[in-house]
Amino acid sequence: MAVWFLRGIRRGVVTTRYPAEAEPSARLLPTPPAFDPRRLTGALVDALVGACPSGALTRDGAFLVLDIGACSACGRCIAAARGAARQSGRFELAATQRVHLVKRIPIAGDQR
Ligand code: SF4
């Protein structure tokens, strides 16, 4: 049994401190996508919105809107993005306001 667990029971501590260092295995976790605006076209964005099972991706005119609070990090958009998206590697996503979880990404691939 973990030492910290036994110590917590003995002292009556029910929470632990936030870790001073990132957990190494966290690198293996799936994370929400990061998009390259220069590679996003309108047609690709429409396909990505259709591929997202949780509704985390929507289109607002010339922007792809990513709601990280709704993203389950399933990776379907990354698989469908043909190199325009990758794992962000970000898993510490807490925000004090819901609006801070919504990212607007310009669709710049049609302008080339
Ligand atoms: S990782 Fe999955 S849930 Fe998140 S935006 Fe992409 S398709 Fe949607």
# chains A, B, ... in the order shown; residues from 1 in each chain; ligands from 1
call {"tool": "residues_near_ligand", "arguments": {"ligand": "ligand 1", "cutoff": "7 Å", "atoms": "only C-alpha atoms and all ligand atoms", "output": "count of residues only"}}
result
19
call {"tool": "residues_around", "arguments": {"residues": "Phe35 of chain A", "least_positions_apart": "2", "cutoff": "10 Å", "atoms": "only C-alpha atoms", "output": "ChimeraX atom specification"}}
result
/A:32-33,37-40,64,66,77-78,81,83-88,105-107
call {"tool": "write_last_selection", "arguments": {"atoms": "C-alpha atoms", "output": "compact mmCIF listing (two decimals), in the first residue's frame"}}
result
# COMPACT_ATOMS: atom_id res chain seq x y z
CA PRO A 32 -6.93 17.78 -27.12
CA PRO A 33 -5.82 18.76 -30.63
CA PRO A 37 -4.32 27.56 -39.13
CA ARG A 38 -2.26 27.71 -42.36
CA ARG A 39 -3.29 24.17 -43.25
CA LEU A 40 -6.99 24.56 -42.44
CA LEU A 64 -12.75 26.78 -36.44
CA LEU A 66 -12.59 24.29 -30.46
CA CYS A 77 -10.04 15.05 -35.85
CA ILE A 78 -6.28 14.51 -35.81
CA ALA A 81 -6.88 16.48 -40.50
CA GLY A 83 -1.40 16.92 -41.02
CA ALA A 84 -3.28 20.07 -40.01
CA ALA A 85 -3.62 18.91 -36.39
CA ARG A 86 -1.56 17.17 -33.77
CA GLN A 87 -1.86 16.25 -30.12
CA SER A 88 -1.41 19.47 -28.14
CA ILE A 105 -8.66 29.21 -34.83
CA PRO A 106 -8.56 31.17 -38.10
CA ILE A 107 -9.07 29.16 -41.27
call {"tool": "atom_distance", "arguments": {"atom1": "atom CA of His100 of chain A", "atom2": "atom CA of Pro30 of chain A"}}
result
20.5 Å
call {"tool": "select_by_dssp", "arguments": {"residues": "chain A", "states": "alpha helix (DSSP H)", "output": "ChimeraX atom specification"}}
result
/A:3-11,42-51,76-80
call {"tool": "closest_residue", "arguments": {"among": "A:Gly61, A:Gly50, A:Gly89, A:Gly12", "to": "Thr31 of chain A", "atoms": "only C-alpha atoms"}}
result
A:Gly89
call {"tool": "closest_residue", "arguments": {"among": "A:Val13, A:Leu29, A:Leu48, A:Leu101", "to": "Ala79 of chain A", "atoms": "only C-alpha atoms"}}
result
A:Leu48
call {"tool": "select_by_dssp", "arguments": {"residues": "chain A", "states": "strand (DSSP E)", "output": "list of chain:residue names"}}
result
A:Pro33, A:Ala34, A:Phe35, A:Leu57, A:Thr58, A:Arg59, A:Asp60, A:Phe63, A:Leu64, A:Val65, A:Leu66, A:Asp67, A:Ala85, A:Arg86, A:Gln87, A:Val102, A:Lys103, A:Arg104, A:Ile105, A:Pro106
call {"tool": "atom_distance", "arguments": {"atom1": "atom CA of Ala62 of chain A", "atom2": "atom CA of Ala94 of chain A"}}
result
27.1 Å
call {"tool": "closest_residue", "arguments": {"among": "A:Arg104, A:Ala95, A:Ile9, A:Arg90", "to": "Arg59 of chain A", "atoms": "only C-alpha atoms"}}
result
A:Arg104
call {"tool": "closest_residue", "arguments": {"among": "A:Phe91, A:Val45, A:Val14, A:Ala80", "to": "Leu28 of chain A", "atoms": "only C-alpha atoms"}}
result
A:Phe91
call {"tool": "residues_around", "arguments": {"residues": "Val99 of chain A", "least_positions_apart": "6", "cutoff": "10 Å", "atoms": "only C-alpha atoms", "output": "PDB file with C-alpha atoms, in the first residue's frame"}}
result
ATOM      1  CA  ASP A  67     -14.348  23.862 -27.130  1.00  0.00           C
ATOM      2  CA  ILE A  68     -11.700  22.116 -25.074  1.00  0.00           C
ATOM      3  CA  GLY A  69     -14.229  21.625 -22.285  1.00  0.00           C
TER       4      GLY A  69
END
call {"tool": "atom_distance", "arguments": {"atom1": "atom CA of Lys103 of chain A", "atom2": "atom CA of Arg27 of chain A"}}
result
22.4 Å
